[in-house]
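As stored in input-v7.cif (mmCIF, N, CA and C atoms):
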```cif
data_model
#
loop_
_atom_site.label_atom_id
_atom_site.label_comp_id
_atom_site.auth_asym_id
_atom_site.auth_seq_id
_atom_site.Cartn_x
_atom_site.Cartn_y
_atom_site.Cartn_z
N MET A 1 -56.35 -12.36 -11.70
CA MET A 1 -55.11 -12.49 -10.96
C MET A 1 -54.72 -11.12 -10.41
N GLU A 2 -54.26 -11.11 -9.20
CA GLU A 2 -53.74 -9.91 -8.57
C GLU A 2 -52.32 -10.17 -8.10
N ILE A 3 -51.45 -9.15 -8.22
CA ILE A 3 -50.07 -9.28 -7.79
C ILE A 3 -49.74 -8.13 -6.84
N ASN A 4 -49.30 -8.48 -5.65
CA ASN A 4 -48.83 -7.50 -4.68
C ASN A 4 -47.31 -7.61 -4.64
N LYS A 5 -46.62 -6.52 -4.97
CA LYS A 5 -45.16 -6.53 -5.05
C LYS A 5 -44.58 -5.87 -3.80
N ILE A 6 -43.67 -6.61 -3.13
CA ILE A 6 -42.99 -6.10 -1.94
C ILE A 6 -41.49 -6.18 -2.22
N ILE A 7 -40.81 -5.03 -2.18
CA ILE A 7 -39.36 -5.00 -2.42
C ILE A 7 -38.69 -4.47 -1.17
N GLU A 8 -37.71 -5.26 -0.67
CA GLU A 8 -36.97 -4.87 0.52
C GLU A 8 -35.57 -5.46 0.44
N ASN A 9 -34.56 -4.64 0.60
CA ASN A 9 -33.15 -5.08 0.58
C ASN A 9 -32.80 -5.88 -0.67
N ASN A 10 -33.23 -5.38 -1.82
CA ASN A 10 -32.96 -6.01 -3.11
C ASN A 10 -33.55 -7.42 -3.22
N ILE A 11 -34.59 -7.68 -2.43
CA ILE A 11 -35.34 -8.93 -2.51
C ILE A 11 -36.77 -8.54 -2.85
N CYS A 12 -37.35 -9.23 -3.84
CA CYS A 12 -38.72 -8.95 -4.22
C CYS A 12 -39.59 -10.16 -3.95
N THR A 13 -40.68 -9.92 -3.25
CA THR A 13 -41.68 -10.96 -3.05
C THR A 13 -42.93 -10.54 -3.81
N LEU A 14 -43.41 -11.44 -4.64
CA LEU A 14 -44.67 -11.22 -5.35
C LEU A 14 -45.72 -12.11 -4.72
N GLU A 15 -46.71 -11.50 -4.09
CA GLU A 15 -47.83 -12.24 -3.54
C GLU A 15 -48.89 -12.29 -4.63
N ILE A 16 -49.12 -13.49 -5.15
CA ILE A 16 -50.01 -13.65 -6.29
C ILE A 16 -51.28 -14.33 -5.82
N SER A 17 -52.41 -13.84 -6.33
CA SER A 17 -53.68 -14.50 -6.01
C SER A 17 -54.51 -14.65 -7.27
N GLY A 18 -55.28 -15.72 -7.30
CA GLY A 18 -56.14 -15.98 -8.45
C GLY A 18 -55.56 -17.05 -9.36
N ARG A 19 -55.84 -16.90 -10.66
CA ARG A 19 -55.43 -17.88 -11.66
C ARG A 19 -54.30 -17.32 -12.52
N ILE A 20 -53.33 -18.16 -12.79
CA ILE A 20 -52.27 -17.80 -13.74
C ILE A 20 -52.52 -18.65 -14.98
N ASP A 21 -53.06 -18.00 -16.00
CA ASP A 21 -53.42 -18.71 -17.22
C ASP A 21 -52.94 -17.92 -18.44
N THR A 22 -53.44 -18.26 -19.61
CA THR A 22 -52.98 -17.63 -20.85
C THR A 22 -53.13 -16.11 -20.80
N GLN A 23 -54.25 -15.63 -20.32
CA GLN A 23 -54.48 -14.18 -20.28
C GLN A 23 -53.67 -13.49 -19.19
N THR A 24 -53.66 -14.04 -18.00
CA THR A 24 -52.99 -13.36 -16.88
C THR A 24 -51.47 -13.53 -16.89
N SER A 25 -50.97 -14.53 -17.59
CA SER A 25 -49.52 -14.74 -17.62
C SER A 25 -48.80 -13.60 -18.33
N ILE A 26 -49.50 -12.89 -19.20
CA ILE A 26 -48.91 -11.73 -19.88
C ILE A 26 -48.59 -10.65 -18.85
N GLU A 27 -49.54 -10.36 -17.97
CA GLU A 27 -49.31 -9.38 -16.90
C GLU A 27 -48.22 -9.87 -15.94
N PHE A 28 -48.26 -11.16 -15.62
CA PHE A 28 -47.27 -11.78 -14.74
C PHE A 28 -45.87 -11.59 -15.30
N GLN A 29 -45.69 -11.83 -16.60
CA GLN A 29 -44.38 -11.67 -17.22
C GLN A 29 -43.94 -10.21 -17.23
N LYS A 30 -44.87 -9.29 -17.45
CA LYS A 30 -44.52 -7.86 -17.43
C LYS A 30 -43.98 -7.45 -16.06
N VAL A 31 -44.62 -7.93 -15.00
CA VAL A 31 -44.17 -7.61 -13.64
C VAL A 31 -42.78 -8.20 -13.41
N LEU A 32 -42.57 -9.45 -13.82
CA LEU A 32 -41.24 -10.08 -13.66
C LEU A 32 -40.19 -9.32 -14.47
N ASP A 33 -40.53 -8.90 -15.68
CA ASP A 33 -39.59 -8.13 -16.51
C ASP A 33 -39.17 -6.84 -15.81
N GLU A 34 -40.13 -6.13 -15.22
CA GLU A 34 -39.83 -4.89 -14.50
C GLU A 34 -38.83 -5.16 -13.37
N ILE A 35 -39.06 -6.22 -12.64
CA ILE A 35 -38.19 -6.57 -11.51
C ILE A 35 -36.79 -6.90 -12.01
N LEU A 36 -36.70 -7.73 -13.03
CA LEU A 36 -35.40 -8.14 -13.56
C LEU A 36 -34.65 -6.96 -14.19
N LYS A 37 -35.36 -6.08 -14.86
CA LYS A 37 -34.72 -4.90 -15.45
C LYS A 37 -34.20 -3.95 -14.38
N ALA A 38 -34.80 -3.98 -13.19
CA ALA A 38 -34.35 -3.16 -12.07
C ALA A 38 -33.18 -3.82 -11.35
N SER A 39 -32.68 -4.92 -11.91
CA SER A 39 -31.55 -5.67 -11.34
C SER A 39 -31.84 -6.22 -9.96
N ILE A 40 -33.08 -6.52 -9.69
CA ILE A 40 -33.43 -7.21 -8.46
C ILE A 40 -33.17 -8.68 -8.73
N ILE A 41 -32.27 -9.26 -7.96
CA ILE A 41 -31.75 -10.57 -8.31
C ILE A 41 -32.27 -11.70 -7.44
N ASN A 42 -33.15 -11.41 -6.53
CA ASN A 42 -33.66 -12.41 -5.60
C ASN A 42 -35.19 -12.26 -5.57
N ILE A 43 -35.91 -13.23 -6.15
CA ILE A 43 -37.36 -13.14 -6.30
C ILE A 43 -38.03 -14.33 -5.63
N THR A 44 -39.03 -14.03 -4.82
CA THR A 44 -39.86 -15.06 -4.22
C THR A 44 -41.28 -14.88 -4.73
N LEU A 45 -41.84 -15.95 -5.27
CA LEU A 45 -43.22 -15.95 -5.72
C LEU A 45 -44.05 -16.66 -4.65
N ASP A 46 -44.91 -15.91 -3.98
CA ASP A 46 -45.75 -16.49 -2.94
C ASP A 46 -47.07 -16.91 -3.57
N PHE A 47 -47.25 -18.23 -3.69
CA PHE A 47 -48.42 -18.80 -4.36
C PHE A 47 -49.53 -19.18 -3.38
N LYS A 48 -49.51 -18.61 -2.17
CA LYS A 48 -50.48 -18.98 -1.15
C LYS A 48 -51.91 -18.88 -1.66
N ASN A 49 -52.18 -17.89 -2.51
CA ASN A 49 -53.55 -17.68 -3.00
C ASN A 49 -53.70 -17.96 -4.49
N VAL A 50 -52.78 -18.75 -5.06
CA VAL A 50 -52.91 -19.15 -6.47
C VAL A 50 -53.72 -20.43 -6.50
N GLU A 51 -54.84 -20.38 -7.20
CA GLU A 51 -55.73 -21.54 -7.25
C GLU A 51 -55.53 -22.40 -8.48
N TYR A 52 -54.90 -21.84 -9.52
CA TYR A 52 -54.73 -22.58 -10.78
C TYR A 52 -53.56 -21.99 -11.54
N MET A 53 -52.81 -22.87 -12.22
CA MET A 53 -51.75 -22.38 -13.10
C MET A 53 -51.70 -23.26 -14.35
N SER A 54 -51.74 -22.60 -15.51
CA SER A 54 -51.68 -23.32 -16.78
C SER A 54 -50.24 -23.38 -17.28
N SER A 55 -50.07 -23.98 -18.44
CA SER A 55 -48.73 -24.06 -19.04
C SER A 55 -48.18 -22.68 -19.36
N ALA A 56 -49.05 -21.71 -19.58
CA ALA A 56 -48.58 -20.33 -19.82
C ALA A 56 -47.90 -19.78 -18.57
N GLY A 57 -48.42 -20.12 -17.41
CA GLY A 57 -47.78 -19.70 -16.16
C GLY A 57 -46.44 -20.39 -15.97
N LEU A 58 -46.38 -21.67 -16.31
CA LEU A 58 -45.11 -22.39 -16.24
C LEU A 58 -44.08 -21.76 -17.17
N ARG A 59 -44.52 -21.40 -18.36
CA ARG A 59 -43.62 -20.78 -19.33
C ARG A 59 -43.05 -19.46 -18.78
N THR A 60 -43.89 -18.69 -18.11
CA THR A 60 -43.44 -17.43 -17.52
C THR A 60 -42.41 -17.67 -16.42
N ILE A 61 -42.64 -18.68 -15.60
CA ILE A 61 -41.68 -19.00 -14.53
C ILE A 61 -40.38 -19.52 -15.14
N LEU A 62 -40.47 -20.32 -16.20
CA LEU A 62 -39.28 -20.80 -16.89
C LEU A 62 -38.48 -19.63 -17.46
N TYR A 63 -39.17 -18.67 -18.04
CA TYR A 63 -38.54 -17.46 -18.57
C TYR A 63 -37.76 -16.74 -17.47
N ALA A 64 -38.41 -16.55 -16.32
CA ALA A 64 -37.75 -15.86 -15.20
C ALA A 64 -36.56 -16.65 -14.69
N GLN A 65 -36.71 -17.97 -14.58
CA GLN A 65 -35.61 -18.80 -14.09
C GLN A 65 -34.41 -18.71 -15.03
N LYS A 66 -34.66 -18.72 -16.35
CA LYS A 66 -33.56 -18.60 -17.32
C LYS A 66 -32.86 -17.25 -17.19
N LYS A 67 -33.62 -16.19 -17.00
CA LYS A 67 -33.02 -14.86 -16.82
C LYS A 67 -32.17 -14.83 -15.55
N ILE A 68 -32.67 -15.41 -14.48
CA ILE A 68 -31.93 -15.44 -13.22
C ILE A 68 -30.68 -16.30 -13.36
N ASN A 69 -30.78 -17.42 -14.07
CA ASN A 69 -29.60 -18.25 -14.31
C ASN A 69 -28.54 -17.47 -15.07
N SER A 70 -28.98 -16.68 -16.02
CA SER A 70 -28.06 -15.84 -16.80
C SER A 70 -27.40 -14.80 -15.89
N MET A 71 -28.17 -14.25 -14.96
CA MET A 71 -27.62 -13.28 -14.02
C MET A 71 -26.59 -13.96 -13.11
N THR A 72 -26.86 -15.19 -12.72
CA THR A 72 -25.93 -15.95 -11.89
C THR A 72 -24.61 -16.16 -12.63
N ALA A 73 -24.71 -16.49 -13.93
CA ALA A 73 -23.50 -16.68 -14.74
C ALA A 73 -22.71 -15.38 -14.83
N ASP A 74 -23.42 -14.26 -15.00
CA ASP A 74 -22.74 -12.96 -15.08
C ASP A 74 -22.01 -12.65 -13.78
N ILE A 75 -22.65 -12.94 -12.66
CA ILE A 75 -22.01 -12.69 -11.37
C ILE A 75 -20.78 -13.57 -11.21
N SER A 76 -20.89 -14.84 -11.61
CA SER A 76 -19.75 -15.76 -11.51
C SER A 76 -18.58 -15.26 -12.34
N GLU A 77 -18.87 -14.80 -13.55
CA GLU A 77 -17.82 -14.31 -14.42
C GLU A 77 -17.13 -13.09 -13.84
N ASN A 78 -17.87 -12.28 -13.15
CA ASN A 78 -17.30 -11.05 -12.56
C ASN A 78 -16.74 -11.28 -11.17
N GLU A 79 -16.77 -12.53 -10.71
CA GLU A 79 -16.24 -12.90 -9.40
C GLU A 79 -16.86 -12.09 -8.26
N ASN A 80 -18.16 -11.85 -8.38
CA ASN A 80 -18.87 -11.13 -7.34
C ASN A 80 -19.67 -12.05 -6.43
N ILE A 81 -19.49 -13.35 -6.59
CA ILE A 81 -20.23 -14.28 -5.74
C ILE A 81 -19.65 -14.21 -4.34
N ILE A 82 -20.52 -14.29 -3.40
CA ILE A 82 -20.10 -14.20 -2.00
C ILE A 82 -19.31 -15.43 -1.62
N LYS A 83 -18.19 -15.22 -1.00
CA LYS A 83 -17.33 -16.31 -0.56
C LYS A 83 -17.74 -16.73 0.85
N SER A 84 -17.44 -17.94 1.19
CA SER A 84 -17.85 -18.46 2.50
C SER A 84 -17.31 -17.62 3.64
N SER A 85 -16.19 -16.96 3.44
CA SER A 85 -15.63 -16.13 4.50
C SER A 85 -16.46 -14.88 4.76
N ASP A 86 -17.35 -14.55 3.84
CA ASP A 86 -18.20 -13.37 4.00
C ASP A 86 -19.51 -13.69 4.70
N LYS A 87 -19.68 -14.88 5.22
CA LYS A 87 -20.95 -15.30 5.79
C LYS A 87 -21.23 -14.71 7.16
N LYS A 88 -20.45 -13.73 7.58
CA LYS A 88 -20.72 -13.05 8.84
C LYS A 88 -22.01 -12.24 8.74
N ASP A 89 -22.27 -11.76 7.54
CA ASP A 89 -23.41 -10.89 7.28
C ASP A 89 -24.68 -11.73 7.12
N ASN A 90 -25.75 -11.35 7.78
CA ASN A 90 -27.01 -12.08 7.66
C ASN A 90 -27.64 -11.93 6.28
N ASN A 91 -27.20 -11.00 5.48
CA ASN A 91 -27.79 -10.77 4.17
C ASN A 91 -27.01 -11.46 3.06
N VAL A 92 -26.25 -12.48 3.38
CA VAL A 92 -25.38 -13.14 2.42
C VAL A 92 -26.13 -13.59 1.18
N GLY A 93 -27.26 -14.25 1.34
CA GLY A 93 -27.99 -14.81 0.21
C GLY A 93 -28.58 -13.78 -0.73
N GLU A 94 -28.66 -12.54 -0.31
CA GLU A 94 -29.31 -11.52 -1.12
C GLU A 94 -28.54 -11.21 -2.39
N LYS A 95 -27.24 -11.49 -2.42
CA LYS A 95 -26.43 -11.15 -3.58
C LYS A 95 -26.38 -12.29 -4.59
N THR A 96 -26.89 -13.45 -4.23
CA THR A 96 -26.90 -14.58 -5.13
C THR A 96 -28.26 -14.66 -5.80
N PRO A 97 -28.32 -14.54 -7.13
CA PRO A 97 -29.61 -14.58 -7.81
C PRO A 97 -30.34 -15.90 -7.57
N LYS A 98 -31.62 -15.79 -7.28
CA LYS A 98 -32.41 -17.00 -7.12
C LYS A 98 -33.89 -16.70 -7.28
N LEU A 99 -34.63 -17.75 -7.63
CA LEU A 99 -36.07 -17.69 -7.76
C LEU A 99 -36.66 -18.77 -6.87
N ASN A 100 -37.56 -18.37 -5.98
CA ASN A 100 -38.23 -19.31 -5.09
C ASN A 100 -39.73 -19.20 -5.31
N VAL A 101 -40.41 -20.34 -5.31
CA VAL A 101 -41.87 -20.38 -5.36
C VAL A 101 -42.30 -21.06 -4.06
N ILE A 102 -43.07 -20.33 -3.25
CA ILE A 102 -43.41 -20.84 -1.92
C ILE A 102 -44.93 -20.92 -1.73
N ASN A 103 -45.33 -21.64 -0.70
CA ASN A 103 -46.73 -21.77 -0.31
C ASN A 103 -47.62 -22.28 -1.44
N VAL A 104 -47.12 -23.27 -2.17
CA VAL A 104 -47.83 -23.82 -3.32
C VAL A 104 -48.83 -24.87 -2.84
N ASN A 105 -50.09 -24.75 -3.29
CA ASN A 105 -51.08 -25.75 -2.90
C ASN A 105 -50.81 -27.07 -3.62
N ASP A 106 -51.45 -28.13 -3.16
CA ASP A 106 -51.18 -29.48 -3.67
C ASP A 106 -51.43 -29.60 -5.18
N GLU A 107 -52.51 -29.02 -5.67
CA GLU A 107 -52.85 -29.14 -7.09
C GLU A 107 -51.81 -28.44 -7.97
N VAL A 108 -51.42 -27.24 -7.61
CA VAL A 108 -50.43 -26.50 -8.39
C VAL A 108 -49.07 -27.17 -8.24
N TYR A 109 -48.75 -27.67 -7.05
CA TYR A 109 -47.48 -28.36 -6.86
C TYR A 109 -47.39 -29.58 -7.78
N GLU A 110 -48.50 -30.27 -7.93
CA GLU A 110 -48.52 -31.43 -8.81
C GLU A 110 -48.18 -31.04 -10.26
N VAL A 111 -48.63 -29.88 -10.69
CA VAL A 111 -48.29 -29.38 -12.04
C VAL A 111 -46.78 -29.16 -12.14
N PHE A 112 -46.20 -28.52 -11.12
CA PHE A 112 -44.75 -28.32 -11.11
C PHE A 112 -44.01 -29.66 -11.15
N GLU A 113 -44.49 -30.60 -10.35
CA GLU A 113 -43.82 -31.89 -10.22
C GLU A 113 -43.94 -32.72 -11.51
N MET A 114 -45.14 -32.79 -12.07
CA MET A 114 -45.37 -33.60 -13.28
C MET A 114 -44.60 -33.09 -14.49
N THR A 115 -44.36 -31.78 -14.53
CA THR A 115 -43.65 -31.20 -15.66
C THR A 115 -42.14 -31.16 -15.44
N GLY A 116 -41.68 -31.58 -14.26
CA GLY A 116 -40.25 -31.61 -13.98
C GLY A 116 -39.69 -30.28 -13.50
N PHE A 117 -40.55 -29.30 -13.26
CA PHE A 117 -40.07 -27.99 -12.82
C PHE A 117 -39.40 -28.04 -11.46
N THR A 118 -39.79 -29.00 -10.62
CA THR A 118 -39.18 -29.09 -9.30
C THR A 118 -37.72 -29.49 -9.35
N ASP A 119 -37.26 -29.92 -10.54
CA ASP A 119 -35.85 -30.26 -10.71
C ASP A 119 -34.95 -29.04 -10.88
N PHE A 120 -35.52 -27.92 -11.33
CA PHE A 120 -34.69 -26.75 -11.58
C PHE A 120 -35.25 -25.44 -11.04
N VAL A 121 -36.40 -25.49 -10.42
CA VAL A 121 -36.97 -24.31 -9.75
C VAL A 121 -37.22 -24.70 -8.31
N ASN A 122 -36.86 -23.84 -7.37
CA ASN A 122 -37.06 -24.11 -5.96
C ASN A 122 -38.54 -23.89 -5.63
N VAL A 123 -39.30 -25.00 -5.52
CA VAL A 123 -40.74 -24.96 -5.28
C VAL A 123 -41.02 -25.62 -3.94
N LYS A 124 -41.76 -24.92 -3.07
CA LYS A 124 -42.09 -25.47 -1.75
C LYS A 124 -43.58 -25.30 -1.47
N LYS A 125 -44.12 -26.32 -0.85
CA LYS A 125 -45.55 -26.28 -0.47
C LYS A 125 -45.78 -25.32 0.67
#
```
Would you mind writing the file's structure down as structure tokens?
Amino acid sequence: MEINKIIENNICTLEISGRIDTQTSIEFQKVLDEILKASIINITLDFKNVEYMSSAGLRTILYAQKKINSMTADISENENIIKSSDKKDNNVGEKTPKLNVINVNDEVYEVFEMTGFTDFVNVKK
């Protein structure tokens, strides 16, 4: 597995290629931890070149989603969520924590779907 990290305007895109399995999910989680510790609150996982993902990969994504949900709760408590009146700025969504998984192939998407991950993680083909 290879991970290319692109950070711009407090948005991080991880371009991942190869297999996300028991061995590689450890590295995957370390990269996500670094991003979350840096208070980067908007993460996109580009799965264009991911050929396989095991339950260990799902567990890592679940871990990241829970951390991001916790960050969302913290922002809500501090009343730092962007109000609709602030939507003049094109960067509105950057302040709202979120995790997106994009460019998922059919086989990996089926894993997300069968496990119910598509109900709480934004996954797109």
Tell me which of A:Leu58, A:Ser17, A:Ala64, A:Phe120 sits closest to Leu32 of chain A, counting only N, CA and C atoms.
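Using only N, CA and C atoms, the shortest distance to Leu32 of chain A belongs to A:Ala64.
In this structure, atom CA of Glu113 of chain A sits 18.3 Å away from atom CA of Thr44 of chain A.
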Expressed in Å to a single decimal, how great is the separation between atom CA of Leu45 of chain A and atom CA of Val123 of chain A?
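These atoms are spaced 9.4 Å apart.
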So which residues touch Tyr52 of chain A within 8 Å, counting only C-alpha atoms, skipping near sequence neighbours fewer than 5 positions away, as a compact mmCIF listing (two decimals) with N, CA and C atoms, in the frame of the given file?
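What follows is the written file part34.txt:
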```txt
# COMPACT_ATOMS: atom_id res chain seq x y z
N GLY A 18 -55.28 -15.72 -7.30
CA GLY A 18 -56.14 -15.98 -8.45
C GLY A 18 -55.56 -17.05 -9.36
N ARG A 19 -55.84 -16.90 -10.66
CA ARG A 19 -55.43 -17.88 -11.66
C ARG A 19 -54.30 -17.32 -12.52
N ILE A 20 -53.33 -18.16 -12.79
CA ILE A 20 -52.27 -17.80 -13.74
C ILE A 20 -52.52 -18.65 -14.98
N ASP A 21 -53.06 -18.00 -16.00
CA ASP A 21 -53.42 -18.71 -17.22
C ASP A 21 -52.94 -17.92 -18.44
N GLU A 107 -52.51 -29.02 -5.67
CA GLU A 107 -52.85 -29.14 -7.09
C GLU A 107 -51.81 -28.44 -7.97
N VAL A 108 -51.42 -27.24 -7.61
CA VAL A 108 -50.43 -26.50 -8.39
C VAL A 108 -49.07 -27.17 -8.24
```
Which residues, written as a PDB file with N, CA and C atoms, keeping the file's coordinate frame, have at least one atom at most 10 Å from Asn100 of chain A, with only C-alpha atoms counted and residues fewer than 5 positions away on the same chain left out?
```
ATOM      1  N   THR A  13     -40.680  -9.920  -3.250  1.00  0.00           N
ATOM      2  CA  THR A  13     -41.680 -10.960  -3.050  1.00  0.00           C
ATOM      3  C   THR A  13     -42.930 -10.540  -3.810  1.00  0.00           C
ATOM      4  N   ASN A  42     -33.150 -11.410  -6.530  1.00  0.00           N
ATOM      5  CA  ASN A  42     -33.660 -12.410  -5.600  1.00  0.00           C
ATOM      6  C   ASN A  42     -35.190 -12.260  -5.570  1.00  0.00           C
ATOM      7  N   ILE A  43     -35.910 -13.230  -6.150  1.00  0.00           N
ATOM      8  CA  ILE A  43     -37.360 -13.140  -6.300  1.00  0.00           C
ATOM      9  C   ILE A  43     -38.030 -14.330  -5.630  1.00  0.00           C
ATOM     10  N   THR A  44     -39.030 -14.030  -4.820  1.00  0.00           N
ATOM     11  CA  THR A  44     -39.860 -15.060  -4.220  1.00  0.00           C
ATOM     12  C   THR A  44     -41.280 -14.880  -4.730  1.00  0.00           C
ATOM     13  N   LEU A  45     -41.840 -15.950  -5.270  1.00  0.00           N
ATOM     14  CA  LEU A  45     -43.220 -15.950  -5.720  1.00  0.00           C
ATOM     15  C   LEU A  45     -44.050 -16.660  -4.650  1.00  0.00           C
ATOM     16  N   ASP A  46     -44.910 -15.910  -3.980  1.00  0.00           N
ATOM     17  CA  ASP A  46     -45.750 -16.490  -2.940  1.00  0.00           C
ATOM     18  C   ASP A  46     -47.070 -16.910  -3.570  1.00  0.00           C
ATOM     19  N   GLN A  65     -36.710 -17.970 -14.580  1.00  0.00           N
ATOM     20  CA  GLN A  65     -35.610 -18.800 -14.090  1.00  0.00           C
ATOM     21  C   GLN A  65     -34.410 -18.710 -15.030  1.00  0.00           C
ATOM     22  N   VAL A 121     -36.400 -25.490 -10.420  1.00  0.00           N
ATOM     23  CA  VAL A 121     -36.970 -24.310  -9.750  1.00  0.00           C
ATOM     24  C   VAL A 121     -37.220 -24.700  -8.310  1.00  0.00           C
ATOM     25  N   ASN A 122     -36.860 -23.840  -7.370  1.00  0.00           N
ATOM     26  CA  ASN A 122     -37.060 -24.110  -5.960  1.00  0.00           C
ATOM     27  C   ASN A 122     -38.540 -23.890  -5.630  1.00  0.00           C
ATOM     28  N   VAL A 123     -39.300 -25.000  -5.520  1.00  0.00           N
ATOM     29  CA  VAL A 123     -40.740 -24.960  -5.280  1.00  0.00           C
ATOM     30  C   VAL A 123     -41.020 -25.620  -3.940  1.00  0.00           C
ATOM     31  N   LYS A 124     -41.760 -24.920  -3.070  1.00  0.00           N
ATOM     32  CA  LYS A 124     -42.090 -25.470  -1.750  1.00  0.00           C
ATOM     33  C   LYS A 124     -43.580 -25.300  -1.470  1.00  0.00           C
TER      34      LYS A 124
END
```
Which residues are near Ile61 of chain A? Cut-off 8 Å, only N, CA and C atoms, ignore same chain within fewer than 4 positions. Put them as a count of residues only.
9
With only C-alpha atoms as the atoms that count, which of A:Val111, A:Glu2, A:Val101, A:Ile11 lies nearest to Ser39 of chain A?
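Using only C-alpha atoms, the shortest distance to Ser39 of chain A belongs to A:Ile11.
Atom to atom, atom C of Asn103 of chain A and atom C of Cys12 of chain A stand 14.8 Å apart.
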Pick from A:Val50, A:Leu14, A:Phe112, A:Glu34: nearest to Leu99 of chain A, with only C-alpha atoms counted?
A:Leu14
Ranking A:Ser70, A:Asn105, A:Thr60, A:Met53 by minimum distance to Glu27 of chain A and counting only C-alpha atoms, which one comes first?
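The shortest atom-to-atom distance to Glu27 of chain A comes from A:Thr60.
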